[in-house]
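The next block is data_9.cif, given as mmCIF, C-alpha atoms.
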data_my_file
loop_
_atom_site.label_atom_id
_atom_site.label_comp_id
_atom_site.auth_asym_id
_atom_site.auth_seq_id
_atom_site.Cartn_x
_atom_site.Cartn_y
_atom_site.Cartn_z
CA MET A 8 81.48 -248.12 -155.99
CA LEU A 9 84.84 -249.82 -156.29
CA ASP A 10 85.00 -248.82 -159.97
CA ILE A 11 85.88 -245.29 -158.84
CA ALA A 12 87.87 -246.35 -155.76
CA GLU A 13 91.08 -244.51 -156.58
CA GLU A 14 89.46 -241.08 -156.60
CA LEU A 15 87.16 -241.82 -153.66
CA HIS A 16 90.16 -242.98 -151.63
CA ARG A 17 91.80 -239.61 -152.30
CA TRP A 18 88.62 -237.84 -151.20
CA ILE A 19 88.61 -239.71 -147.88
CA ALA A 20 92.32 -239.07 -147.34
CA ARG A 21 91.70 -235.34 -147.80
CA GLY A 22 88.71 -235.35 -145.46
CA ARG A 23 86.20 -234.43 -148.16
CA ASP A 24 82.57 -234.91 -147.11
CA ALA A 25 80.78 -236.91 -149.82
CA ALA A 26 78.06 -239.39 -150.70
CA VAL A 27 78.07 -242.21 -153.22
CA ALA A 28 75.26 -243.73 -155.30
CA THR A 29 75.71 -247.34 -156.41
CA VAL A 30 73.67 -249.40 -158.87
CA VAL A 31 72.46 -252.41 -156.86
CA ALA A 32 70.17 -254.14 -159.36
CA VAL A 33 68.95 -253.76 -162.92
CA GLY A 34 65.99 -255.01 -164.91
CA GLY A 35 65.46 -254.97 -168.67
CA SER A 36 67.77 -252.86 -170.80
CA ALA A 37 69.92 -250.71 -168.52
CA PRO A 38 73.18 -248.96 -169.42
CA ARG A 39 75.19 -249.77 -166.26
CA GLN A 40 75.52 -252.95 -164.21
CA PRO A 41 75.50 -253.46 -160.42
CA GLY A 42 78.51 -251.82 -158.80
CA ALA A 43 78.58 -248.79 -161.13
CA ALA A 44 78.69 -245.63 -159.04
CA LEU A 45 78.35 -241.84 -158.98
CA ALA A 46 79.89 -239.85 -156.13
CA VAL A 47 79.33 -236.21 -155.15
CA ASP A 48 81.24 -234.15 -152.58
CA ARG A 49 80.00 -231.21 -150.53
CA ASP A 50 81.38 -228.73 -153.06
CA GLY A 51 79.26 -230.34 -155.80
CA THR A 52 82.08 -232.13 -157.61
CA ALA A 53 80.83 -235.36 -159.22
CA ILE A 54 82.66 -238.40 -160.54
CA GLY A 55 81.42 -241.64 -162.08
CA SER A 56 78.07 -242.57 -163.58
CA VAL A 57 75.09 -244.76 -162.77
CA SER A 58 73.04 -244.51 -165.96
CA GLY A 59 75.05 -242.98 -168.78
CA GLY A 60 73.08 -239.75 -168.35
CA CYS A 61 69.44 -240.84 -167.98
CA VAL A 62 68.98 -240.21 -164.26
CA GLU A 63 72.27 -238.60 -163.25
CA GLY A 64 70.62 -235.30 -162.27
CA ALA A 65 68.17 -236.90 -159.86
CA VAL A 66 70.84 -239.15 -158.35
CA TYR A 67 73.14 -236.14 -157.95
CA GLU A 68 70.49 -234.43 -155.81
CA LEU A 69 70.00 -237.58 -153.72
CA CYS A 70 73.74 -237.58 -153.01
CA ARG A 71 73.63 -233.93 -151.95
CA GLN A 72 70.75 -234.77 -149.61
CA ALA A 73 72.64 -237.75 -148.13
CA ILE A 74 75.59 -235.48 -147.36
CA GLU A 75 73.28 -233.16 -145.44
CA ASP A 76 71.18 -235.64 -143.47
CA GLY A 77 73.60 -238.57 -143.18
CA ARG A 78 70.93 -241.07 -144.20
CA SER A 79 70.97 -243.93 -146.71
CA VAL A 80 68.21 -244.55 -149.22
CA VAL A 81 67.47 -246.94 -152.08
CA GLU A 82 65.57 -245.45 -155.02
CA ARG A 83 64.19 -247.13 -158.14
CA PHE A 84 64.29 -245.45 -161.54
CA GLY A 85 62.52 -246.61 -164.69
CA TYR A 86 60.96 -245.38 -167.91
CA SER A 87 57.53 -243.75 -167.56
CA ASP A 88 55.09 -244.30 -170.45
CA GLU A 89 52.76 -241.68 -169.02
CA ASP A 90 55.35 -238.95 -168.92
CA ALA A 91 58.31 -239.41 -171.24
CA PHE A 92 59.91 -236.32 -169.74
CA ALA A 93 59.82 -237.61 -166.18
CA VAL A 94 63.02 -238.83 -164.57
CA GLY A 95 63.61 -242.33 -165.89
CA LEU A 96 65.53 -244.58 -168.21
CA THR A 97 64.62 -243.87 -171.81
CA CYS A 98 66.18 -247.20 -172.79
CA GLY A 99 63.25 -248.93 -171.08
CA GLY A 100 65.16 -250.49 -168.19
CA VAL A 101 64.81 -250.27 -164.42
CA ILE A 102 67.61 -249.71 -161.93
CA ASP A 103 67.75 -249.64 -158.14
CA ILE A 104 70.34 -247.30 -156.65
CA LEU A 105 71.72 -247.20 -153.11
CA VAL A 106 72.71 -243.71 -151.97
CA THR A 107 74.78 -243.52 -148.81
CA PRO A 108 77.17 -241.08 -147.11
CA LEU A 109 80.83 -241.89 -147.76
CA ARG A 110 81.71 -242.51 -144.13
CA GLY A 111 83.00 -245.21 -141.84
CA PRO A 112 86.11 -247.40 -141.56
CA VAL A 113 84.68 -250.27 -143.63
CA LEU A 114 84.13 -248.14 -146.74
CA ALA A 115 87.50 -246.48 -146.21
CA GLU A 116 89.32 -249.84 -146.03
CA ALA A 117 87.46 -251.20 -149.06
CA LEU A 118 88.38 -248.16 -151.13
CA GLU A 119 92.00 -248.29 -149.99
CA ALA A 120 92.27 -251.97 -150.99
CA ALA A 121 90.66 -251.39 -154.39
CA ALA A 122 92.79 -248.32 -155.09
CA ALA A 123 95.93 -250.32 -154.28
CA GLY A 124 94.90 -253.19 -156.55
CA ARG A 125 94.39 -255.66 -153.67
CA ALA A 126 91.63 -258.25 -153.80
CA ALA A 127 88.68 -257.53 -151.49
CA ALA A 128 84.90 -257.77 -151.46
CA LEU A 129 82.57 -255.10 -150.10
CA ALA A 130 79.16 -256.41 -148.98
CA ARG A 131 76.37 -253.93 -148.24
CA ILE A 132 72.73 -254.46 -147.32
CA VAL A 133 70.55 -252.88 -150.01
CA ALA A 134 67.11 -254.26 -149.07
CA GLY A 135 65.66 -255.62 -145.85
CA PRO A 136 64.90 -254.26 -142.38
CA ARG A 137 64.99 -250.48 -142.45
CA GLU A 138 67.57 -250.13 -139.71
CA MET A 139 70.06 -252.39 -141.59
CA LEU A 140 70.11 -250.54 -144.90
CA GLY A 141 73.62 -249.52 -145.92
CA ARG A 142 75.48 -251.55 -143.31
CA ALA A 143 78.72 -252.93 -144.69
CA MET A 144 81.31 -255.67 -144.36
CA LEU A 145 84.72 -255.99 -145.99
CA VAL A 146 85.83 -259.55 -146.83
CA ARG A 147 89.43 -260.40 -147.76
CA PRO A 148 90.65 -263.42 -149.77
CA ASP A 149 91.90 -265.13 -146.60
CA GLY A 150 88.40 -264.95 -145.10
CA SER A 151 89.15 -262.19 -142.57
CA VAL A 152 86.52 -259.46 -142.30
CA GLU A 153 85.98 -255.90 -141.13
CA GLY A 154 82.62 -254.55 -140.07
CA GLY A 155 79.34 -256.43 -139.91
CA PHE A 156 75.61 -256.07 -139.73
CA GLY A 157 75.02 -255.00 -136.15
CA GLY A 158 74.50 -257.91 -133.78
CA HIS A 159 73.62 -260.56 -136.38
CA PRO A 160 76.55 -263.04 -136.15
CA ASP A 161 74.85 -265.75 -138.24
CA LEU A 162 74.14 -263.25 -140.99
CA ASP A 163 77.73 -262.00 -140.78
CA ARG A 164 79.07 -265.54 -141.24
CA THR A 165 76.74 -266.32 -144.14
CA VAL A 166 77.47 -263.09 -145.98
CA ALA A 167 81.21 -263.52 -145.43
CA GLY A 168 81.05 -266.95 -147.05
CA GLU A 169 79.00 -265.74 -150.00
CA ALA A 170 81.21 -262.70 -150.50
CA ARG A 171 84.40 -264.75 -150.41
CA ALA A 172 83.02 -267.11 -153.07
CA MET A 173 82.09 -264.17 -155.29
CA LEU A 174 85.51 -262.63 -154.74
CA ASP A 175 87.18 -265.87 -155.83
CA ALA A 176 85.21 -265.67 -159.07
CA GLY A 177 85.77 -261.91 -159.50
CA ARG A 178 81.99 -261.35 -159.56
CA THR A 179 79.84 -258.41 -158.49
CA GLY A 180 76.14 -258.97 -157.83
CA THR A 181 73.42 -259.46 -155.25
CA VAL A 182 72.52 -262.37 -153.02
CA GLU A 183 69.36 -262.80 -150.93
CA ILE A 184 69.67 -264.23 -147.43
CA GLY A 185 67.37 -264.39 -144.42
CA ALA A 186 68.08 -261.78 -141.77
CA ASP A 187 69.01 -264.64 -139.41
CA GLY A 188 71.66 -265.89 -141.85
CA SER A 189 69.54 -268.67 -143.35
CA ARG A 190 67.63 -268.84 -146.62
CA CYS A 191 64.35 -268.39 -144.80
CA GLY A 192 62.98 -265.67 -142.59
CA GLU A 193 62.77 -261.99 -143.44
CA PRO A 194 64.90 -261.54 -146.58
CA VAL A 195 67.97 -259.34 -146.71
CA THR A 196 69.47 -258.45 -150.10
CA VAL A 197 73.21 -257.91 -150.07
CA LEU A 198 75.22 -256.28 -152.86
CA VAL A 199 78.70 -257.78 -153.10
CA GLU A 200 81.27 -255.76 -155.06
CA SER A 201 84.48 -257.61 -155.89
CA SER A 202 87.74 -255.75 -156.38
CA VAL A 203 90.29 -257.94 -158.12
CA PRO A 204 93.50 -257.18 -160.03
CA ALA A 205 93.04 -256.45 -163.72
CA PRO A 206 92.63 -259.55 -165.90
CA ARG A 207 95.69 -260.57 -167.91
CA MET A 208 96.18 -260.48 -171.65
CA ILE A 209 99.34 -262.27 -172.76
CA VAL A 210 100.34 -261.55 -176.35
CA PHE A 211 102.84 -264.03 -177.75
CA GLY A 212 104.82 -262.73 -180.71
CA ALA A 213 106.39 -259.26 -180.90
CA VAL A 214 104.98 -258.42 -184.32
CA ASP A 215 103.27 -255.31 -185.76
CA PHE A 216 99.85 -256.81 -185.07
CA ALA A 217 100.87 -257.27 -181.43
CA ALA A 218 101.66 -253.56 -181.05
CA ALA A 219 98.12 -252.67 -182.08
CA LEU A 220 96.57 -255.40 -179.91
CA VAL A 221 98.49 -254.18 -176.87
CA LYS A 222 96.88 -250.75 -177.20
CA VAL A 223 93.40 -252.25 -177.47
CA GLY A 224 94.05 -254.59 -174.54
CA VAL A 225 95.12 -251.72 -172.30
CA PHE A 226 92.04 -249.76 -173.42
CA LEU A 227 89.82 -252.70 -172.39
CA GLY A 228 91.39 -252.77 -168.93
CA TYR A 229 93.74 -255.74 -169.24
CA HIS A 230 97.20 -256.02 -167.72
CA VAL A 231 99.06 -256.72 -170.97
CA THR A 232 102.24 -258.78 -171.31
CA VAL A 233 104.17 -259.22 -174.56
CA CYS A 234 106.32 -262.36 -174.76
CA ASP A 235 108.78 -263.30 -177.51
CA ALA A 236 111.96 -265.34 -177.56
CA ARG A 237 113.67 -262.81 -179.85
CA PRO A 238 115.20 -259.91 -177.89
CA VAL A 239 115.64 -257.78 -181.00
CA PHE A 240 111.82 -257.57 -181.36
CA ALA A 241 110.61 -257.68 -177.75
CA THR A 242 111.65 -254.17 -176.72
CA ARG A 243 110.09 -251.30 -174.79
CA ALA A 244 110.65 -249.02 -177.77
CA ARG A 245 108.37 -251.20 -179.91
CA PHE A 246 105.74 -251.77 -177.19
CA PRO A 247 105.59 -248.64 -175.04
CA ASP A 248 102.01 -249.35 -173.93
CA ALA A 249 102.64 -252.88 -172.61
CA ASP A 250 102.65 -253.44 -168.85
CA GLU A 251 105.34 -256.11 -169.20
CA ILE A 252 107.74 -257.28 -171.90
CA VAL A 253 109.26 -260.75 -171.49
CA VAL A 254 112.07 -262.24 -173.55
CA GLU A 255 111.56 -265.99 -173.24
CA TRP A 256 110.36 -268.99 -175.21
CA PRO A 257 106.55 -268.69 -175.05
CA HIS A 258 105.82 -272.16 -173.66
CA ARG A 259 108.45 -271.72 -170.94
CA TYR A 260 107.03 -268.37 -169.90
CA LEU A 261 103.49 -269.75 -169.83
CA ALA A 262 104.65 -272.56 -167.54
CA SER A 263 106.21 -270.09 -165.11
CA THR A 264 103.58 -267.33 -164.91
CA GLU A 265 100.20 -267.13 -163.17
CA VAL A 266 97.01 -267.34 -165.21
CA ASP A 267 93.38 -267.69 -164.16
CA ALA A 268 89.88 -268.03 -165.56
CA ARG A 269 89.90 -264.39 -166.75
CA THR A 270 93.22 -264.60 -168.65
CA VAL A 271 93.25 -264.30 -172.44
CA LEU A 272 96.09 -265.71 -174.55
CA CYS A 273 96.74 -264.33 -178.04
CA VAL A 274 99.29 -266.26 -180.13
CA LEU A 275 100.44 -264.07 -183.03
CA THR A 276 103.74 -265.69 -183.98
CA HIS A 277 102.27 -268.13 -186.58
CA ASP A 278 105.52 -270.05 -186.41
CA ALA A 279 105.21 -273.77 -185.57
CA LYS A 280 108.37 -273.95 -183.46
CA PHE A 281 106.80 -271.41 -181.09
CA ASP A 282 103.09 -272.15 -181.55
CA VAL A 283 102.90 -275.92 -181.14
CA PRO A 284 104.59 -276.28 -177.73
CA LEU A 285 102.83 -273.13 -176.51
CA LEU A 286 99.35 -274.17 -177.61
CA ARG A 287 99.87 -277.74 -176.39
CA ALA A 288 100.31 -276.28 -172.90
CA ALA A 289 97.76 -273.46 -173.21
CA LEU A 290 94.86 -275.67 -174.30
CA ARG A 291 95.11 -277.56 -171.02
CA LEU A 292 94.80 -274.45 -168.86
CA SER A 293 91.61 -272.95 -167.40
CA VAL A 294 91.76 -269.57 -169.16
CA ALA A 295 89.06 -267.43 -170.73
CA TYR A 296 90.29 -267.33 -174.33
CA ILE A 297 92.98 -268.84 -176.55
CA GLY A 298 93.40 -267.48 -180.07
CA ALA A 299 96.09 -268.09 -182.69
CA MET A 300 96.89 -266.07 -185.81
CA GLY A 301 97.50 -267.60 -189.22
CA SER A 302 95.91 -268.47 -192.53
CA ARG A 303 93.47 -271.35 -192.81
CA ARG A 304 96.26 -273.48 -194.26
CA THR A 305 98.47 -272.57 -191.30
CA HIS A 306 95.62 -273.43 -188.97
CA GLU A 307 95.08 -276.84 -190.53
CA ASP A 308 98.79 -277.65 -190.39
CA ARG A 309 98.99 -276.43 -186.80
CA GLU A 310 96.03 -278.60 -185.77
CA ARG A 311 97.68 -281.63 -187.37
CA GLN A 312 100.89 -281.02 -185.43
CA LEU A 313 98.96 -280.49 -182.19
CA ARG A 314 97.14 -283.79 -182.65
CA GLU A 315 100.47 -285.50 -183.25
CA ALA A 316 101.69 -283.89 -180.02
CA GLY A 317 98.83 -285.53 -178.11
CA VAL A 318 96.26 -282.73 -177.99
CA GLY A 319 92.71 -284.13 -177.96
CA GLU A 320 89.68 -282.95 -179.92
CA ALA A 321 87.99 -281.42 -176.88
CA GLU A 322 91.10 -279.36 -176.22
CA LEU A 323 91.40 -278.32 -179.88
CA ALA A 324 87.79 -277.14 -179.82
CA ARG A 325 88.83 -274.39 -177.39
CA LEU A 326 91.21 -272.84 -179.90
CA ARG A 327 90.02 -269.72 -181.77
CA SER A 328 91.86 -269.96 -185.05
CA PRO A 329 92.16 -268.14 -187.35
CA ILE A 330 91.98 -265.55 -184.59
CA GLY A 331 89.33 -262.78 -184.57
CA LEU A 332 85.89 -262.05 -185.99
CA ASP A 333 85.20 -261.59 -189.68
CA LEU A 334 85.36 -257.80 -190.00
CA GLY A 335 87.26 -257.77 -193.27
CA ALA A 336 90.25 -256.45 -191.31
CA ARG A 337 93.53 -255.78 -193.12
CA THR A 338 95.64 -253.32 -191.12
CA PRO A 339 97.18 -254.19 -187.72
CA GLU A 340 94.71 -251.82 -186.03
CA GLU A 341 91.71 -253.39 -187.76
CA THR A 342 93.01 -256.86 -186.95
CA ALA A 343 93.45 -255.89 -183.29
CA LEU A 344 89.84 -254.68 -183.24
CA SER A 345 88.74 -258.01 -184.76
CA ILE A 346 90.61 -259.97 -182.08
CA ALA A 347 89.33 -257.77 -179.26
CA ALA A 348 85.75 -258.12 -180.52
CA GLU A 349 86.07 -261.91 -180.44
CA ILE A 350 87.48 -261.80 -176.92
CA VAL A 351 84.56 -259.68 -175.69
CA ALA A 352 82.04 -261.95 -177.43
CA ALA A 353 83.66 -265.07 -175.96
CA ARG A 354 83.73 -263.67 -172.42
CA ARG A 355 80.24 -262.14 -172.50
CA GLY A 356 78.39 -264.78 -174.51
CA GLY A 357 77.81 -262.65 -177.60
CA SER A 358 77.29 -264.10 -181.07
CA GLY A 359 79.42 -261.59 -182.98
CA ALA A 360 76.50 -260.99 -185.36
CA ALA A 361 75.18 -257.52 -186.26
CA LEU A 362 72.52 -256.22 -183.88
CA THR A 363 70.55 -254.68 -186.74
CA GLY A 364 67.60 -256.95 -187.44
CA ALA A 365 68.54 -259.40 -184.69
CA ASP A 366 66.19 -260.50 -181.93
CA THR A 367 68.95 -261.48 -179.50
CA PRO A 368 69.62 -259.52 -176.27
CA ILE A 369 71.98 -256.55 -176.56
CA HIS A 370 73.49 -257.28 -173.13
CA HIS A 371 74.24 -260.95 -172.45
CA ASP A 372 75.24 -260.71 -168.77
CA ALA A 373 72.38 -262.13 -166.72
CA PRO A 374 71.41 -259.28 -164.35
CA PRO A 375 70.70 -260.04 -160.70
CA ALA A 376 67.06 -260.07 -159.72
CA LEU A 377 65.70 -256.80 -158.47
CA PRO A 378 65.28 -256.71 -154.71
CA GLY A 379 61.89 -255.82 -153.33
CA PRO A 380 60.31 -252.38 -153.62
CA ALA A 381 62.71 -249.50 -153.01
CA ALA A 382 63.49 -249.29 -149.32
CA ASN A 383 62.91 -246.30 -147.12
CA SER A 384 65.80 -244.24 -145.86
CA SER A 385 67.62 -245.01 -142.62
CA ASP A 386 70.73 -244.05 -140.71
CA PRO A 387 73.90 -245.73 -141.98
CA SER A 388 75.77 -248.00 -139.64
CA ALA A 389 78.87 -248.73 -141.72
#
In structure tokens, write the structure found in this file.
Amino acid sequence: MLDIAEELHRWIARGRDAAVATVVAVGGSAPRQPGAALAVDRDGTAIGSVSGGCVEGAVYELCRQAIEDGRSVVERFGYSDEDAFAVGLTCGGVIDILVTPLRGPVLAEALEAAAAGRAAALARIVAGPREMLGRAMLVRPDGSVEGGFGGHPDLDRTVAGEARAMLDAGRTGTVEIGADGSRCGEPVTVLVESSVPAPRMIVFGAVDFAAALVKVGVFLGYHVTVCDARPVFATRARFPDADEIVVEWPHRYLASTEVDARTVLCVLTHDAKFDVPLLRAALRLSVAYIGAMGSRRTHEDRERQLREAGVGEAELARLRSPIGLDLGARTPEETALSIAAEIVAARRGGSGAALTGADTPIHHDAPPALPGPAANSSDPSA
């Protein structure tokens, strides 16, 4: 639901009556992952998507019904071999969807935080005792919470801890807990949606290839920074799409800025006086991706200089160089696509090989286990 938080926050601010459907679990090949959402207001306006088109019509009607009766429901959709024209996923997957009215202070606060770019986790019960379905809790990075699960303090504490851990990792998914807050007893499945600031892409080197990569990075949802020590090249006129432009020696900027496990670093200068001190520092950071541009000869010379600077073999093994996948790219735009494809493959566990004729999974993210059979409807308590 937090993937469409900005618009939903506006709906709440304007007093629009609405309901939201959220993917809570998937099995097999499914087009959207947990957290993806479709919302419908009383006038019939719809935003978002839960299936890429397969079951949108049926989910739309469930949202209209939730607006009318104020009740939450979890429904399961899957492909039907007996009736290929029945509502289902023609891709062969199965998805469980929580449909709930868009009401209550907890949902409002979660949407406000996500729309403002603040970190927060929204935890909602999606399977378990009928009377608990749809109840919600908001968990902030400092551990403070809003809402809860209606007189179950041990469950509140357990979910708050799990949600905070998932927020720290920027993860969205489900966790199964006993209704008493332990791992035993009647199970309760909780969907935790994490809202975190956009991951960072830092592009070092204000070159033509960087201009193209900035556009692709923004398209992929990164907060993109361009850094170069040469003020004549690092200008807003040359990089209008960048979120930030920094004129500084790359290794000095890297030492002064915040990075995390989702950050990707793209070194496009292919100039040793910039690259070696930068990569020496970068290869010791816990970031998602480090790639450096240059020919194979440049790469070999750069590796030699990094070894002489004290960089170990394990650290060098993290470096993607020459940067990008083998697409036969020549233009800056094609090269940017090659780099972006390698970044996605590195972050998602893909091989970079063609899917045609392959027997590997199309989607490499391990989906959460499906909760039990689709729950019956109940009144929301969030």
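Reported to one decimal place, the separation of atom CA of Arg303 of chain A from atom CA of Glu315 of chain A is 18.5 Å.
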>> Please compute the atom CA of Val214 of chain A-atom CA of Glu322 of chain A distance, one decimal, in Å.
In response: 26.4 Å
> So how many Å separate atom CA of Ala167 of chain A and atom CA of Gly150 of chain A, to one decimal?
Replying inline: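 Separating atom CA of Ala167 of chain A from atom CA of Gly150 of chain A is a distance of 7.3 Å.
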> Once the PyMOL selection byres ((chain A and resi 14) around 12) has been applied to the shown file, what residues remain in the selection, as a PyMOL selection string?
Replying inline: chain A and resi 8-13+15-21+23+25+27+44-48+52-55+115+118-119+121-123
> Could you pull the residues within 12 Å of segment 333-346 of chain A, counting all atoms listed in the file, minus those fewer than 5 positions along the same chain, as a ChimeraX atom specification?
Replying inline: /A:208,210,214-227,271-275,296-301,327-328,351-353,358-361
Limited to C-alpha atoms, could you put the picked residues into a file as a PDB file, keeping the file's coordinate frame?
ATOM      1  CA  MET A 208      96.180-260.480-171.650  1.00  0.00           C
ATOM      2  CA  VAL A 210     100.340-261.550-176.350  1.00  0.00           C
ATOM      3  CA  VAL A 214     104.980-258.420-184.320  1.00  0.00           C
ATOM      4  CA  ASP A 215     103.270-255.310-185.760  1.00  0.00           C
ATOM      5  CA  PHE A 216      99.850-256.810-185.070  1.00  0.00           C
ATOM      6  CA  ALA A 217     100.870-257.270-181.430  1.00  0.00           C
ATOM      7  CA  ALA A 218     101.660-253.560-181.050  1.00  0.00           C
ATOM      8  CA  ALA A 219      98.120-252.670-182.080  1.00  0.00           C
ATOM      9  CA  LEU A 220      96.570-255.400-179.910  1.00  0.00           C
ATOM     10  CA  VAL A 221      98.490-254.180-176.870  1.00  0.00           C
ATOM     11  CA  LYS A 222      96.880-250.750-177.200  1.00  0.00           C
ATOM     12  CA  VAL A 223      93.400-252.250-177.470  1.00  0.00           C
ATOM     13  CA  GLY A 224      94.050-254.590-174.540  1.00  0.00           C
ATOM     14  CA  VAL A 225      95.120-251.720-172.300  1.00  0.00           C
ATOM     15  CA  PHE A 226      92.040-249.760-173.420  1.00  0.00           C
ATOM     16  CA  LEU A 227      89.820-252.700-172.390  1.00  0.00           C
ATOM     17  CA  VAL A 271      93.250-264.300-172.440  1.00  0.00           C
ATOM     18  CA  LEU A 272      96.090-265.710-174.550  1.00  0.00           C
ATOM     19  CA  CYS A 273      96.740-264.330-178.040  1.00  0.00           C
ATOM     20  CA  VAL A 274      99.290-266.260-180.130  1.00  0.00           C
ATOM     21  CA  LEU A 275     100.440-264.070-183.030  1.00  0.00           C
ATOM     22  CA  TYR A 296      90.290-267.330-174.330  1.00  0.00           C
ATOM     23  CA  ILE A 297      92.980-268.840-176.550  1.00  0.00           C
ATOM     24  CA  GLY A 298      93.400-267.480-180.070  1.00  0.00           C
ATOM     25  CA  ALA A 299      96.090-268.090-182.690  1.00  0.00           C
ATOM     26  CA  MET A 300      96.890-266.070-185.810  1.00  0.00           C
ATOM     27  CA  GLY A 301      97.500-267.600-189.220  1.00  0.00           C
ATOM     28  CA  ARG A 327      90.020-269.720-181.770  1.00  0.00           C
ATOM     29  CA  SER A 328      91.860-269.960-185.050  1.00  0.00           C
ATOM     30  CA  VAL A 351      84.560-259.680-175.690  1.00  0.00           C
ATOM     31  CA  ALA A 352      82.040-261.950-177.430  1.00  0.00           C
ATOM     32  CA  ALA A 353      83.660-265.070-175.960  1.00  0.00           C
ATOM     33  CA  SER A 358      77.290-264.100-181.070  1.00  0.00           C
ATOM     34  CA  GLY A 359      79.420-261.590-182.980  1.00  0.00           C
ATOM     35  CA  ALA A 360      76.500-260.990-185.360  1.00  0.00           C
ATOM     36  CA  ALA A 361      75.180-257.520-186.260  1.00  0.00           C
TER      37      ALA A 361
END
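Comparing the minimum interatomic distances between Pro136 of chain A and each of A:Ala65, A:Thr242, A:Ser56, A:Ala186, counting only C-alpha atoms, we find that A:Ala186 sits nearest.
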